[in-house]
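First comes the structure, then the notes that go with it.
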Amino acid sequence: MSSKFLAELSSDYEKFFETEIGYDVIIYVGEDQNVKEIHAHSNILCARSQYFRSEFSNERVEKKDGKFIFRKPNISPQLFNIILRFIYCGNIELKNLQGPDVLKLLMVVDELYINSEDLNMDEIEIWEYLLKWSFAQQNIQKNPTEWNKDDITRIERELHRFIPFIQFYDIEPTDFFYKVYCYKEILPPNLIHDLLEYHIVPNVKPKVNLPNSRKINSTLIESKHIPLFSSWIGRKESSYYDRKSCPYDFKLLYRSSRDGIDTKTFHNNCDNKGATIWVAKIKDSTQLIGGYNPLDWNGNSGYKAANDSFLFNFTNGRNISTAKLGYVNKTNVAVYCEYNYGPSMGNLFCKNNRWYTNSSDNGDRYPRIGIPESLM
């Protein structure tokens, strides 16, 4: 029901975008002979863009005949229209863009303080758009095994200026092997070495001199986990949703490395926030465990009943195929809430910042899915 409503709402906002009825904002984009006047609605811009929200609060913002006036000569009309459509209805169309334009689009997103995660653009898509454009520019075949030295040099020169803008570490291992590594001849050798090390050697972190990642705001999970979590929440097959069809909005509430490892901060950040997913990493391993609480963490009353809560275990957090899932068996002991406890469910507890499982756990509350008895 909620996903249907969101689809209808998106369609309604798209009509606002296309008809421009009741607009109160005029934006002049482009420069010289390529200037275009674009109309928009201030309330929608405020809600969806931090940049516009800040600008509208500025008393010096230009206004004429009851209309707010903005000028963005550094953004092409084509790119601004794409972004504006996304602001209104969450839809983005890339098929008519050349490879470099996709990267320029991401720069515009950053300038307007729009969360680039919301674009649902996989990094591998950006890489493939760029490759396709480069091959067309140089009239070169896609298959690198058919290239000669001159072809390699031409493509390398064409791509050189764009390589720093690609978030290669955000590309999934399978895509990296089949869609990036095969083009190693046109990529910097040190980059290939670092990426191979990252994908092969456990616990190796990306190099620090990277631009901001477009991945989700987490140090434990990646964008590929989100469709999986969404499917589990809806009790669907694990592959039911993909990144573009997820009906849920995930926001980071608490991260121990950022906010501190204490239960008080956990409750300050997570109480009264509604349904949450928590994730923890097993020390000195790649194993991730976690759970879904469809209620909240507020209260000091012990167990809460829930029908759709679950625990999960990734024996290798980078590989979602290693996931094991267990929905609650005893619904009356699904979630445990006390002020000196962190996220606790069934027989799995986090008390005073120490994780442990109840020694009497026989799988009656949640199925036993391989979560170790000693977690720290």
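The way I read the labels, and the way they are meant: chains A, B, ... in the order of the structure tokens, residue 1 as the first residue of every chain, and ligand 1 as the first ligand shown, with later ones counted on from there.
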Which residues of segment 132-237 of chain A come within 8 Å of segment 299-322 of chain A, and what is each one's closest atom pair and distance in Å (one decimal), counting only C-alpha atoms, sorted by chain and residue number, as a Markdown table?
| residue | atom | partner | partner_atom | distance |
| --- | --- | --- | --- | --- |
| A:Leu220 | CA | A:Gly317 | CA | 7.6 |
| A:Ile221 | CA | A:Gly317 | CA | 7.2 |
| A:Glu222 | CA | A:Arg318 | CA | 7.9 |
| A:Lys224 | CA | A:Ile320 | CA | 7.7 |
| A:His225 | CA | A:Ile320 | CA | 6.9 |
| A:Ile233 | CA | A:Asp308 | CA | 7.4 |
All strand (DSSP E or B) residues (DSSP, backbone) inside segment 45-257 of chain A, as a ChimeraX atom specification
/A:63-64,67-72
The selected residues should be written to file as a compact mmCIF listing (two decimals), in the first residue's frame (atoms: N, CA and C atoms).
# COMPACT_ATOMS: atom_id res chain seq x y z
N LYS A 63 14.37 38.88 -5.88
CA LYS A 63 12.94 38.64 -6.07
C LYS A 63 12.37 39.74 -6.97
N LYS A 64 11.51 39.33 -7.90
CA LYS A 64 10.92 40.28 -8.84
C LYS A 64 9.50 39.84 -9.17
N LYS A 67 8.31 36.67 -7.71
CA LYS A 67 9.02 35.45 -8.10
C LYS A 67 10.48 35.51 -7.60
N PHE A 68 10.95 34.40 -7.05
CA PHE A 68 12.36 34.29 -6.69
C PHE A 68 13.18 34.10 -7.97
N ILE A 69 14.34 34.75 -8.02
CA ILE A 69 15.19 34.69 -9.21
C ILE A 69 16.54 34.07 -8.85
N PHE A 70 16.92 33.05 -9.60
CA PHE A 70 18.24 32.43 -9.44
C PHE A 70 18.94 32.39 -10.80
N ARG A 71 20.26 32.45 -10.75
CA ARG A 71 21.05 32.37 -11.98
C ARG A 71 22.15 31.33 -11.79
N LYS A 72 22.17 30.33 -12.67
CA LYS A 72 23.17 29.27 -12.60
C LYS A 72 23.84 29.12 -13.96
Output as a short mmCIF file (atom, residue, chain, number, x, y, z; two decimals) with N, CA and C atoms, in the first residue's frame all residues of segment 56-145 of chain A that backbone DSSP marks as alpha helix (DSSP H).
data_model
loop_
_atom_site.label_atom_id
_atom_site.label_comp_id
_atom_site.auth_asym_id
_atom_site.auth_seq_id
_atom_site.Cartn_x
_atom_site.Cartn_y
_atom_site.Cartn_z
N PHE A 56 16.78 30.38 0.11
CA PHE A 56 15.49 31.01 0.37
C PHE A 56 15.46 31.69 1.74
N PRO A 77 21.36 23.84 -19.35
CA PRO A 77 19.91 23.61 -19.22
C PRO A 77 19.55 22.13 -19.20
N GLN A 78 20.22 21.33 -20.02
CA GLN A 78 19.92 19.90 -20.07
C GLN A 78 20.14 19.24 -18.71
N LEU A 79 21.30 19.50 -18.10
CA LEU A 79 21.60 18.87 -16.81
C LEU A 79 20.68 19.40 -15.72
N PHE A 80 20.38 20.69 -15.76
CA PHE A 80 19.53 21.24 -14.70
C PHE A 80 18.12 20.67 -14.79
N ASN A 81 17.63 20.47 -16.00
CA ASN A 81 16.30 19.86 -16.16
C ASN A 81 16.27 18.45 -15.60
N ILE A 82 17.35 17.71 -15.81
CA ILE A 82 17.42 16.34 -15.29
C ILE A 82 17.37 16.37 -13.76
N ILE A 83 18.16 17.27 -13.17
CA ILE A 83 18.19 17.37 -11.71
C ILE A 83 16.85 17.86 -11.17
N LEU A 84 16.24 18.82 -11.85
CA LEU A 84 14.96 19.36 -11.37
C LEU A 84 13.88 18.29 -11.41
N ARG A 85 13.88 17.48 -12.46
CA ARG A 85 12.91 16.39 -12.52
C ARG A 85 13.13 15.42 -11.36
N PHE A 86 14.39 15.17 -11.05
CA PHE A 86 14.68 14.29 -9.92
C PHE A 86 14.21 14.91 -8.61
N ILE A 87 14.44 16.22 -8.43
CA ILE A 87 13.99 16.90 -7.22
C ILE A 87 12.49 16.76 -7.04
N TYR A 88 11.75 16.85 -8.13
CA TYR A 88 10.29 16.80 -8.06
C TYR A 88 9.76 15.38 -7.84
N CYS A 89 10.27 14.43 -8.59
CA CYS A 89 9.59 13.13 -8.58
C CYS A 89 10.52 11.93 -8.40
N GLY A 99 29.09 10.22 -21.67
CA GLY A 99 29.81 9.82 -20.47
C GLY A 99 30.24 10.97 -19.57
N PRO A 100 30.93 12.00 -20.10
CA PRO A 100 31.36 13.11 -19.25
C PRO A 100 30.19 13.87 -18.63
N ASP A 101 29.04 13.89 -19.33
CA ASP A 101 27.88 14.60 -18.79
C ASP A 101 27.35 13.93 -17.53
N VAL A 102 27.50 12.60 -17.44
CA VAL A 102 27.08 11.90 -16.23
C VAL A 102 27.90 12.38 -15.04
N LEU A 103 29.21 12.55 -15.26
CA LEU A 103 30.07 13.04 -14.19
C LEU A 103 29.74 14.50 -13.85
N LYS A 104 29.46 15.31 -14.87
CA LYS A 104 29.07 16.69 -14.61
C LYS A 104 27.77 16.73 -13.81
N LEU A 105 26.88 15.80 -14.11
CA LEU A 105 25.61 15.72 -13.39
C LEU A 105 25.86 15.50 -11.90
N LEU A 106 26.80 14.62 -11.58
CA LEU A 106 27.11 14.35 -10.18
C LEU A 106 27.72 15.58 -9.50
N MET A 107 28.48 16.37 -10.27
CA MET A 107 29.03 17.60 -9.71
C MET A 107 27.91 18.59 -9.39
N VAL A 108 26.90 18.65 -10.26
CA VAL A 108 25.76 19.53 -10.02
C VAL A 108 25.01 19.08 -8.77
N VAL A 109 24.87 17.77 -8.62
CA VAL A 109 24.21 17.21 -7.43
C VAL A 109 24.93 17.68 -6.17
N ASP A 110 26.26 17.62 -6.19
CA ASP A 110 27.03 18.07 -5.03
C ASP A 110 26.84 19.57 -4.79
N GLU A 111 26.82 20.35 -5.87
CA GLU A 111 26.68 21.80 -5.74
C GLU A 111 25.34 22.18 -5.11
N GLU A 123 27.86 2.81 -9.40
CA GLU A 123 29.12 3.32 -9.95
C GLU A 123 29.50 2.60 -11.24
N ILE A 124 29.13 1.33 -11.35
CA ILE A 124 29.46 0.59 -12.56
C ILE A 124 28.70 1.16 -13.76
N GLU A 125 27.50 1.70 -13.53
CA GLU A 125 26.75 2.35 -14.61
C GLU A 125 27.50 3.58 -15.12
N ILE A 126 28.01 4.37 -14.18
CA ILE A 126 28.75 5.58 -14.56
C ILE A 126 29.99 5.20 -15.37
N TRP A 127 30.70 4.17 -14.91
CA TRP A 127 31.89 3.69 -15.61
C TRP A 127 31.53 3.23 -17.03
N GLU A 128 30.45 2.50 -17.16
CA GLU A 128 30.06 1.99 -18.48
C GLU A 128 29.61 3.10 -19.42
N TYR A 129 28.91 4.11 -18.87
CA TYR A 129 28.55 5.27 -19.70
C TYR A 129 29.80 5.96 -20.23
N LEU A 130 30.78 6.10 -19.36
CA LEU A 130 32.02 6.77 -19.75
C LEU A 130 32.77 5.97 -20.80
N LEU A 131 32.83 4.65 -20.62
CA LEU A 131 33.50 3.80 -21.60
C LEU A 131 32.80 3.88 -22.96
N LYS A 132 31.50 3.77 -22.94
CA LYS A 132 30.73 3.80 -24.19
C LYS A 132 30.99 5.09 -24.96
N TRP A 133 31.01 6.20 -24.24
CA TRP A 133 31.28 7.49 -24.87
C TRP A 133 32.69 7.52 -25.44
N SER A 134 33.66 7.03 -24.67
CA SER A 134 35.06 7.05 -25.12
C SER A 134 35.26 6.20 -26.36
N PHE A 135 34.64 5.04 -26.39
CA PHE A 135 34.77 4.17 -27.57
C PHE A 135 34.19 4.84 -28.81
N ALA A 136 33.05 5.53 -28.61
CA ALA A 136 32.42 6.22 -29.74
C ALA A 136 33.28 7.38 -30.22
N GLN A 137 33.88 8.10 -29.28
CA GLN A 137 34.72 9.24 -29.65
C GLN A 137 35.93 8.80 -30.48
N GLN A 138 36.49 7.66 -30.12
CA GLN A 138 37.71 7.19 -30.79
C GLN A 138 37.43 6.14 -31.86
#
Which one of A:Ile114, A:Ile369, A:Ile44, A:Ile26 sits closest to Glu14 of chain A if you count only C-alpha atoms?
A:Ile44
Using only C-alpha atoms, find the one residue out of A:Leu325, A:Val204, A:Leu159, A:Val180 that sits nearest to Trp232 of chain A.
A:Leu325
Skipping near chain neighbours, those fewer than 3 positions away, what residues fall within 8 Å of Pro173 of chain A using only C-alpha atoms, listed as a VMD selection string?
chain A and resid 176 to 177 199
With a distance cut-off of 9 Å and only C-alpha atoms, select the neighbouring residues of Ala40 of chain A, excluding the residue or stretch itself and same-chain residues fewer than 6 positions from it, and output the selection as a list in words.
Phe16, Phe17, Glu20, Ile21, Gly22, Tyr23, Asp24, Val25, Ile26, Ile27 and Leu84 of chain A
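Around segment 261-269 of chain A, within 10 Å and counting only C-alpha atoms, the residues found are Leu252, Leu253, Tyr254, Arg255, Ser256, Ser257, Arg258, Asn272, Lys273, Asp296, Trp297, Asn298, Gly299, Cys337, Glu338, Tyr339, Asn340, Tyr341, Gly342, Pro343, Cys350, Lys351, Asn352, Asn353 and Arg354 of chain A, once anything fewer than 3 positions away on its own chain is removed.
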Test item: residues at most 9 Å from Tyr366 of chain A, only C-alpha atoms, excluding those fewer than 6 positions along its chain, as a list in words
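These residues fall inside the cut-off: Phe310, Leu311, Gly326, Tyr327, Val328, Asn329, Lys330, Ala334, Met345, Gly346 and Asn347 of chain A.
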Resulting file, chosen residues, C-alpha atoms, as an mmCIF file, in the first residue's frame:
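Output below, filename result-v1.cif:
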data_model
loop_
_atom_site.group_PDB
_atom_site.id
_atom_site.type_symbol
_atom_site.label_atom_id
_atom_site.label_comp_id
_atom_site.auth_asym_id
_atom_site.auth_seq_id
_atom_site.Cartn_x
_atom_site.Cartn_y
_atom_site.Cartn_z
ATOM 1 C CA PHE A 310 14.397 -10.802 12.431
ATOM 2 C CA LEU A 311 18.085 -11.453 13.007
ATOM 3 C CA GLY A 326 15.891 -15.865 11.046
ATOM 4 C CA TYR A 327 12.439 -14.408 11.732
ATOM 5 C CA VAL A 328 11.177 -14.313 15.300
ATOM 6 C CA ASN A 329 9.656 -17.524 16.679
ATOM 7 C CA LYS A 330 8.439 -16.292 20.071
ATOM 8 C CA ALA A 334 11.163 -10.336 20.092
ATOM 9 C CA MET A 345 16.651 -9.199 20.578
ATOM 10 C CA GLY A 346 15.592 -12.654 21.707
ATOM 11 C CA ASN A 347 18.620 -14.242 23.368
#
Please determine, counting only C-alpha atoms, which residue among A:Lys142, A:Lys184, A:Lys283, A:Arg60 has the shortest atom-to-atom distance to Glu156 of chain A.
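Nearest to Glu156 of chain A: A:Lys184.
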Calculate how many Å separate atom CA of Ser239 of chain A from atom CA of Glu197 of chain A, rounding to one decimal.
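Answer for the atom CA of Ser239 of chain A to atom CA of Glu197 of chain A separation: 28.8 Å.
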